[in-house]
>>> print(open('coords.cif').read())   # mmCIF, C-alpha atoms
data_protein
loop_
_atom_site.label_atom_id
_atom_site.label_comp_id
_atom_site.auth_asym_id
_atom_site.auth_seq_id
_atom_site.Cartn_x
_atom_site.Cartn_y
_atom_site.Cartn_z
CA MET C 1 -19.97 44.34 191.28
CA THR C 2 -19.59 46.97 188.53
CA ARG C 3 -22.87 48.78 187.91
CA GLN C 4 -24.31 49.11 184.43
CA ALA C 5 -26.50 52.07 183.49
CA LEU C 6 -28.76 52.66 180.52
CA LEU C 7 -28.58 56.33 179.47
CA ILE C 8 -31.46 57.65 177.34
CA ASP C 9 -31.46 60.98 175.46
CA GLN C 10 -35.04 61.61 174.30
CA GLY C 11 -35.50 64.23 171.58
CA ASN C 12 -38.70 65.43 169.96
CA THR C 13 -38.66 62.81 167.19
CA ARG C 14 -35.71 60.53 167.91
CA ILE C 15 -34.26 58.72 170.90
CA LYS C 16 -30.58 57.95 171.46
CA TRP C 17 -29.32 55.53 174.08
CA VAL C 18 -26.05 54.08 175.29
CA GLY C 19 -24.82 51.84 178.06
CA SER C 20 -22.24 52.75 180.67
CA VAL C 21 -20.15 50.41 182.79
CA GLY C 22 -18.58 51.64 186.01
CA GLY C 23 -19.34 55.25 185.07
CA GLU C 24 -17.70 55.04 181.62
CA ILE C 25 -19.53 55.20 178.28
CA ASP C 26 -19.55 51.92 176.35
CA ALA C 27 -19.83 53.02 172.72
CA SER C 28 -20.57 49.47 171.59
CA ARG C 29 -23.96 49.77 173.34
CA PHE C 30 -25.09 52.85 171.43
CA GLY C 31 -28.34 52.98 169.46
CA HIS C 32 -30.81 55.48 168.07
CA GLY C 33 -34.18 55.57 166.37
CA THR C 34 -37.85 56.37 166.65
CA PRO C 35 -39.80 55.63 169.87
CA VAL C 36 -41.04 52.41 168.23
CA ALA C 37 -37.47 51.38 167.37
CA PHE C 38 -36.40 52.24 170.92
CA GLU C 39 -39.04 50.00 172.48
CA LYS C 40 -38.10 47.13 170.17
CA ALA C 41 -34.40 47.53 170.98
CA MET C 42 -35.05 47.67 174.72
CA GLY C 43 -37.16 44.54 174.55
CA GLU C 44 -34.18 42.76 172.97
CA LEU C 45 -31.46 44.34 175.13
CA PRO C 46 -28.84 41.62 175.78
CA TRP C 47 -27.89 42.99 179.20
CA TRP C 48 -29.77 44.05 182.33
CA PRO C 49 -29.23 47.63 183.56
CA ASP C 50 -28.81 48.44 187.24
CA ASP C 51 -29.85 52.06 186.63
CA VAL C 52 -31.86 53.95 184.00
CA VAL C 53 -31.22 57.67 183.43
CA ILE C 54 -33.35 59.82 181.10
CA SER C 55 -32.72 63.25 179.60
CA SER C 56 -35.75 64.47 177.68
CA VAL C 57 -36.69 67.59 175.74
CA ALA C 58 -39.85 65.92 174.39
CA GLY C 59 -42.22 66.96 177.15
CA ALA C 60 -43.30 65.50 180.48
CA ASP C 61 -45.83 63.03 179.04
CA GLN C 62 -43.36 61.47 176.62
CA GLN C 63 -40.66 61.30 179.28
CA LEU C 64 -43.10 59.58 181.64
CA ALA C 65 -44.01 57.07 178.94
CA ILE C 66 -40.35 56.12 178.51
CA ALA C 67 -39.90 55.82 182.28
CA ARG C 68 -42.98 53.59 182.58
CA TYR C 69 -41.81 51.37 179.75
CA CYS C 70 -38.41 50.88 181.38
CA ARG C 71 -40.12 50.10 184.69
CA SER C 72 -42.24 47.45 182.98
CA LEU C 73 -39.12 45.77 181.56
CA TRP C 74 -36.72 45.89 184.49
CA GLY C 75 -38.67 47.06 187.54
CA LEU C 76 -36.42 50.12 187.79
CA GLU C 77 -37.41 53.69 188.59
CA ALA C 78 -35.69 55.92 186.04
CA LYS C 79 -33.76 58.98 187.14
CA CYS C 80 -35.09 61.90 185.08
CA MET C 81 -32.52 64.67 184.67
CA SER C 82 -33.26 68.39 184.76
CA SER C 83 -31.31 71.63 184.55
CA VAL C 84 -30.37 72.78 188.05
CA THR C 85 -28.56 75.65 189.77
CA ALA C 86 -25.33 73.70 190.19
CA GLN C 87 -24.03 70.27 189.20
CA GLY C 88 -20.60 68.73 188.93
CA GLY C 89 -18.88 71.94 189.99
CA VAL C 90 -20.69 74.08 187.38
CA ARG C 91 -22.95 77.00 188.37
CA ASN C 92 -25.78 77.73 185.94
CA ALA C 93 -25.88 81.28 184.52
CA TYR C 94 -29.67 81.28 184.08
CA ARG C 95 -31.74 82.98 186.78
CA ASP C 96 -34.29 80.22 186.29
CA PRO C 97 -32.14 77.11 185.69
CA SER C 98 -35.09 75.13 184.34
CA MET C 99 -35.21 77.43 181.30
CA LEU C 100 -31.86 76.10 180.07
CA GLY C 101 -32.49 73.02 177.93
CA VAL C 102 -31.53 69.89 179.84
CA ASP C 103 -29.52 68.46 176.93
CA ARG C 104 -27.51 71.67 176.68
CA TRP C 105 -26.96 71.74 180.46
CA LEU C 106 -25.83 68.11 180.58
CA ALA C 107 -23.41 68.70 177.69
CA ILE C 108 -21.85 71.53 179.71
CA VAL C 109 -21.62 69.42 182.87
CA GLY C 110 -20.31 66.40 180.96
CA ALA C 111 -17.63 68.47 179.21
CA VAL C 112 -16.38 69.96 182.48
CA ALA C 113 -16.30 66.54 184.15
CA ARG C 114 -14.27 65.10 181.27
CA TYR C 115 -12.01 67.97 180.22
CA GLY C 116 -11.80 70.41 183.11
CA LYS C 117 -12.08 74.21 183.07
CA PRO C 118 -12.14 76.73 181.46
CA LEU C 119 -13.81 75.59 178.28
CA VAL C 120 -16.26 76.38 175.50
CA ILE C 121 -18.82 73.80 174.35
CA TRP C 122 -19.91 74.00 170.70
CA ASP C 123 -22.91 71.79 169.89
CA MET C 124 -23.85 71.63 166.20
CA GLY C 125 -27.28 70.10 165.72
CA THR C 126 -30.64 71.46 164.54
CA ALA C 127 -29.56 74.53 166.48
CA SER C 128 -25.93 75.36 167.09
CA THR C 129 -25.22 76.33 170.68
CA LEU C 130 -22.19 77.82 172.36
CA ASP C 131 -21.58 77.84 176.11
CA ALA C 132 -18.63 78.93 178.21
CA VAL C 133 -17.44 77.92 181.69
CA ASP C 134 -14.62 79.79 183.44
CA SER C 135 -11.91 78.39 185.72
CA SER C 136 -14.09 78.73 188.82
CA GLY C 137 -16.91 76.67 187.27
CA ARG C 138 -19.10 79.69 186.53
CA HIS C 139 -21.25 79.21 183.43
CA LEU C 140 -20.86 82.51 181.57
CA GLY C 141 -23.90 81.94 179.35
CA GLY C 142 -24.05 81.16 175.67
CA MET C 143 -25.42 81.66 172.19
CA ILE C 144 -28.05 79.81 170.16
CA TYR C 145 -28.27 80.13 166.37
CA PRO C 146 -29.49 77.97 163.48
CA GLY C 147 -27.44 74.85 162.85
CA PRO C 148 -25.94 74.24 159.40
CA ALA C 149 -28.69 71.87 158.24
CA THR C 150 -31.34 74.30 159.49
CA MET C 151 -29.71 77.12 157.52
CA LEU C 152 -29.76 75.01 154.37
CA ARG C 153 -33.43 74.05 154.87
CA SER C 154 -34.37 77.69 155.43
CA LEU C 155 -32.73 78.76 152.16
CA LYS C 156 -34.38 75.87 150.34
CA LYS C 157 -37.80 76.84 151.70
CA ASP C 158 -37.64 80.61 151.34
CA THR C 159 -35.74 81.13 148.08
CA ARG C 160 -35.72 79.82 144.52
CA LEU C 161 -32.12 78.72 144.87
CA ASN C 162 -31.21 75.12 144.13
CA VAL C 163 -29.95 74.49 147.66
CA PRO C 164 -27.66 71.50 148.31
CA GLU C 165 -28.94 68.92 150.80
CA ASP C 166 -25.82 68.55 152.98
CA PHE C 167 -22.04 68.86 153.29
CA GLU C 168 -21.08 65.42 152.01
CA ASP C 169 -18.95 66.77 149.13
CA THR C 170 -15.64 67.12 150.99
CA GLY C 171 -14.18 69.03 148.06
CA ILE C 172 -16.65 71.82 148.77
CA ILE C 173 -16.09 71.90 152.53
CA SER C 174 -12.29 71.63 152.45
CA TRP C 175 -11.94 75.39 152.89
CA VAL C 176 -14.04 78.44 153.70
CA GLY C 177 -13.87 81.16 151.06
CA ALA C 178 -15.45 82.31 147.83
CA GLY C 179 -17.42 79.70 145.94
CA GLN C 180 -17.36 79.43 142.16
CA ASN C 181 -20.86 78.08 141.63
CA THR C 182 -24.15 78.45 143.49
CA ASP C 183 -23.81 75.22 145.48
CA GLU C 184 -20.34 76.20 146.67
CA CYS C 185 -21.45 79.74 147.49
CA ILE C 186 -24.33 78.48 149.64
CA LEU C 187 -22.32 75.83 151.46
CA LYS C 188 -19.36 78.09 152.10
CA GLY C 189 -21.63 80.86 153.33
CA VAL C 190 -23.30 78.50 155.82
CA LEU C 191 -19.94 77.16 156.99
CA ALA C 192 -18.54 80.65 157.37
CA ALA C 193 -21.55 81.71 159.45
CA GLN C 194 -21.00 78.78 161.82
CA ILE C 195 -17.27 79.35 162.23
CA ARG C 196 -17.37 83.15 162.41
CA THR C 197 -19.99 82.96 165.18
CA LEU C 198 -17.70 80.60 167.07
CA ASN C 199 -14.75 82.97 166.65
CA GLN C 200 -16.76 85.96 167.87
CA PHE C 201 -17.98 84.03 170.90
CA LEU C 202 -14.47 82.86 171.76
CA ARG C 203 -13.13 86.42 171.57
CA HIS C 204 -15.91 87.65 173.86
CA VAL C 205 -15.70 84.99 176.58
CA SER C 206 -11.90 84.83 176.58
CA LEU C 207 -11.91 88.36 178.00
CA GLN C 208 -13.74 86.98 181.06
CA MET C 209 -11.31 84.10 181.66
CA ASP C 210 -7.89 83.85 183.25
CA ARG C 211 -6.53 81.63 180.47
CA GLU C 212 -7.48 80.33 177.04
CA PRO C 213 -10.43 77.92 177.17
CA LYS C 214 -10.47 74.48 175.58
CA LEU C 215 -12.93 74.02 172.73
CA ILE C 216 -15.06 70.87 173.00
CA ALA C 217 -17.40 70.16 170.09
CA THR C 218 -20.33 67.79 169.78
CA GLY C 219 -23.47 67.33 167.67
CA GLY C 220 -24.24 65.76 164.32
CA ALA C 221 -22.47 68.36 162.15
CA ALA C 222 -19.28 68.52 164.21
CA GLY C 223 -17.43 65.89 162.20
CA ASN C 224 -17.84 67.85 158.95
CA ILE C 225 -17.15 71.33 160.28
CA LEU C 226 -14.40 70.81 162.87
CA PRO C 227 -11.65 70.14 160.28
CA LEU C 228 -12.14 73.74 159.11
CA VAL C 229 -11.38 75.15 162.58
CA ASP C 230 -7.68 76.01 162.57
CA PHE C 231 -6.95 75.80 166.31
CA GLU C 232 -6.92 73.09 168.94
CA LYS C 233 -10.25 71.38 169.53
CA THR C 234 -11.72 68.10 170.77
CA HIS C 235 -14.66 66.25 169.22
CA ASP C 236 -16.73 64.31 171.76
CA PRO C 237 -20.17 62.96 170.69
CA TRP C 238 -20.98 61.71 174.20
CA LEU C 239 -21.23 64.94 176.20
CA VAL C 240 -24.95 64.73 177.07
CA PHE C 241 -24.53 61.14 178.21
CA ARG C 242 -21.42 62.06 180.22
CA GLY C 243 -23.44 64.73 182.00
CA MET C 244 -26.02 62.11 183.03
CA LEU C 245 -23.31 60.33 185.01
CA VAL C 246 -22.31 63.41 187.03
CA ASP C 247 -23.86 64.01 190.46
#
>>> encode(input="coords.cif", output="structure tokens")
Amino acid sequence: MTRQALLIDQGNTRIKWVGSVGGEIDASRFGHGTPVAFEKAMGELPWWPDDVVISSVAGADQQLAIARYCRSLWGLEAKCMSSVTAQGGVRNAYRDPSMLGVDRWLAIVGAVARYGKPLVIWDMGTASTLDAVDSSGRHLGGMIYPGPATMLRSLKKDTRLNVPEDFEDTGIISWVGAGQNTDECILKGVLAAQIRTLNQFLRHVSLQMDREPKLIATGGAAGNILPLVDFEKTHDPWLVFRGMLVD
């Protein structure tokens, strides 16, 4: 019988979850919300999981609370993921693997499992992260810098500029270059910072690889920014969840 797993990605303020069937993500079973919304949704889940897997950056107590709640519903002991020395053919670059955020580690592992090696993973969320894996499965390390929304919030907080809220005006984000009003200048500057950091990282890690890496992008801002990247790339919003399915 095909096994069904419930995959839970617990952040500091929000929880995302999705079902998998036979080791494949079922996007129709995706949900997200506050811990209260999560508990309500789980109580009404129309299917019974065979396995529960948790990735959490919210702290041990909050992770334990989620695991206990799932146990109370289905009698299942959740598998709690952590960053390790090696997983799925990838070797962690950190001397202390536990210091690499588990969501970032699982995105790396999930990307390699899905797309092979070598590759670069670009995750655009609250923080933007870049990680590289060479053809042998060696994690070369990465970069962490403020994500686009974080950059906008910082400008809004620390200046008197009338900072735009987001990138929803596709006319503004259709190209990176000089803006002709303050909104455009701010948005294009933030976009350029994201893309130029990517380009610098790619130039650096490509020197350590035997062939050009694939670029795999994920995170909430990826859909807006990826169209501005003028080389081959793949957008996959499920990388963390894919990593949960890799032994």
>>> resolve_selection(input="coords.cif", expression="the PyMOL selection byres ((chain C and resi 228-237) around 12)", output="VMD selection string")
chain C and resid 16 18 25 27 30 107 to 108 110 to 111 114 to 115 119 to 125 170 172 to 177 188 191 to 192 194 to 199 202 212 to 227 238 to 243
>>> atom_distance(input="coords.cif", atom1="CA of Pro146 (chain C)", atom2="CA of Ala127 (chain C)")
4.6 Å
>>> atom_distance(input="coords.cif", atom1="CA of Leu100 (chain C)", atom2="CA of Ser135 (chain C)")
20.9 Å
>>> resolve_selection(input="coords.cif", expression="the PyMOL selection byres ((chain C and resi 152) around 9)", output="ChimeraX atom specification")
/C:147-151,153-157,163-166,186-187,190
>>> residues_around(input="coords.cif", residues="Pro49 (chain C)", least_positions_apart="3", cutoff="7 Å", atoms="all atoms listed in the file", output="list in words")
Gln4, Ala5, Leu6 and Val52 of chain C
>>> atom_distance(input="coords.cif", atom1="CA of Lys79 (chain C)", atom2="CA of Leu106 (chain C)")
13.8 Å
>>> closest_residue(input="coords.cif", among="C:Gly31, C:Val36, C:Asp61, C:Gly22", to="Arg3 (chain C)", atoms="all atoms listed in the file")
C:Gly22
>>> resolve_selection(input="coords.cif", expression="the PyMOL selection byres ((chain C and resi 87) around 10)", output="list in words")
Ser83, Val84, Thr85, Ala86, Gly88, Gly89, Val90, Arg91, Asn92, Trp105, Leu106, Ile108, Val109, Gly110, Ala113, Gly137, Gly243, Val246 and Asp247 of chain C
>>> closest_residue(input="coords.cif", among="C:Thr34, C:Ser55, C:Gln180, C:Thr126", to="Ile8 (chain C)", atoms="all atoms listed in the file")
C:Ser55
>>> closest_residue(input="coords.cif", among="C:Gly33, C:Met143, C:Asp158, C:Lys40", to="Phe201 (chain C)", atoms="only C-alpha atoms")
C:Met143
>>> residues_around(input="coords.cif", residues="Gly59 (chain C)", least_positions_apart="2", cutoff="10 Å", atoms="all atoms listed in the file", output="PyMOL selection string")
chain C and resi 10-12+56-57+61-64
>>> residues_around(input="coords.cif", residues="Val53 (chain C)", least_positions_apart="5", cutoff="6 Å", atoms="all atoms listed in the file", output="PDB file with C-alpha atoms, keeping the file's coordinate frame")
ATOM      1  CA  LEU C   7     -28.580  56.330 179.470  1.00  0.00           C
ATOM      2  CA  ALA C  78     -35.690  55.920 186.040  1.00  0.00           C
ATOM      3  CA  LYS C  79     -33.760  58.980 187.140  1.00  0.00           C
ATOM      4  CA  CYS C  80     -35.090  61.900 185.080  1.00  0.00           C
TER       5      CYS C  80
END
>>> axis_aligned_box(input="coords.cif", around="region 80-84 of chain C", padding_each_side="6 Å", output="JSON")
{"center_x": -32.7, "center_y": 67.3, "center_z": 186.3, "size_x": 16.7, "size_y": 22.9, "size_z": 15.5}
>>> closest_residue(input="coords.cif", among="C:Ile54, C:Glu24, C:Asp134, C:Met81", to="Ser206 (chain C)", atoms="all atoms listed in the file")
C:Asp134
>>> build_atoms(input="coords.cif", residues="region 70-88 of chain C", atoms="N, CA, C and O atoms", output="compact mmCIF listing (two decimals), keeping the file's coordinate frame")
# COMPACT_ATOMS: atom_id res chain seq x y z
N CYS C 70 -39.61 51.46 180.77
CA CYS C 70 -38.41 50.88 181.38
C CYS C 70 -38.77 50.16 182.69
O CYS C 70 -38.22 49.10 182.98
N ARG C 71 -39.69 50.75 183.45
CA ARG C 71 -40.12 50.10 184.69
C ARG C 71 -40.77 48.75 184.39
O ARG C 71 -40.58 47.77 185.11
N SER C 72 -41.56 48.70 183.32
CA SER C 72 -42.24 47.45 182.98
C SER C 72 -41.25 46.36 182.57
O SER C 72 -41.52 45.17 182.77
N LEU C 73 -40.12 46.75 182.00
CA LEU C 73 -39.12 45.77 181.56
C LEU C 73 -38.24 45.29 182.69
O LEU C 73 -37.96 44.08 182.81
N TRP C 74 -37.76 46.23 183.52
CA TRP C 74 -36.72 45.89 184.49
C TRP C 74 -37.10 46.17 185.95
O TRP C 74 -36.31 45.90 186.85
N GLY C 75 -38.28 46.74 186.18
CA GLY C 75 -38.67 47.06 187.54
C GLY C 75 -37.85 48.17 188.15
O GLY C 75 -37.73 48.26 189.38
N LEU C 76 -37.28 49.04 187.32
CA LEU C 76 -36.42 50.12 187.79
C LEU C 76 -37.12 51.47 187.66
O LEU C 76 -37.79 51.73 186.66
N GLU C 77 -36.93 52.32 188.67
CA GLU C 77 -37.41 53.69 188.59
C GLU C 77 -36.34 54.54 187.92
O GLU C 77 -35.22 54.64 188.43
N ALA C 78 -36.67 55.12 186.78
CA ALA C 78 -35.69 55.92 186.04
C ALA C 78 -35.40 57.22 186.77
O ALA C 78 -36.27 57.82 187.39
N LYS C 79 -34.16 57.66 186.67
CA LYS C 79 -33.76 58.98 187.14
C LYS C 79 -33.93 59.96 185.99
O LYS C 79 -33.28 59.81 184.95
N CYS C 80 -34.81 60.93 186.14
CA CYS C 80 -35.09 61.90 185.08
C CYS C 80 -34.31 63.18 185.36
O CYS C 80 -34.52 63.83 186.39
N MET C 81 -33.41 63.53 184.47
CA MET C 81 -32.52 64.67 184.67
C MET C 81 -33.24 65.99 184.38
O MET C 81 -34.18 66.05 183.59
N SER C 82 -32.75 67.05 185.02
CA SER C 82 -33.26 68.39 184.76
C SER C 82 -32.11 69.38 184.92
O SER C 82 -31.07 69.07 185.51
N SER C 83 -32.30 70.57 184.38
CA SER C 83 -31.31 71.63 184.55
C SER C 83 -31.46 72.22 185.95
O SER C 83 -32.57 72.56 186.37
N VAL C 84 -30.34 72.35 186.66
CA VAL C 84 -30.37 72.78 188.05
C VAL C 84 -29.41 73.95 188.25
O VAL C 84 -28.69 74.35 187.34
N THR C 85 -29.41 74.49 189.46
CA THR C 85 -28.56 75.65 189.77
C THR C 85 -27.08 75.30 189.70
O THR C 85 -26.26 76.08 189.21
N ALA C 86 -26.73 74.12 190.18
CA ALA C 86 -25.33 73.70 190.19
C ALA C 86 -25.25 72.18 190.09
O ALA C 86 -26.07 71.47 190.68
N GLN C 87 -24.25 71.72 189.35
CA GLN C 87 -24.03 70.27 189.20
C GLN C 87 -22.60 70.05 188.74
O GLN C 87 -22.11 70.75 187.85
N GLY C 88 -21.94 69.09 189.35
CA GLY C 88 -20.60 68.73 188.93
C GLY C 88 -19.61 69.88 188.95
O GLY C 88 -18.70 69.94 188.13
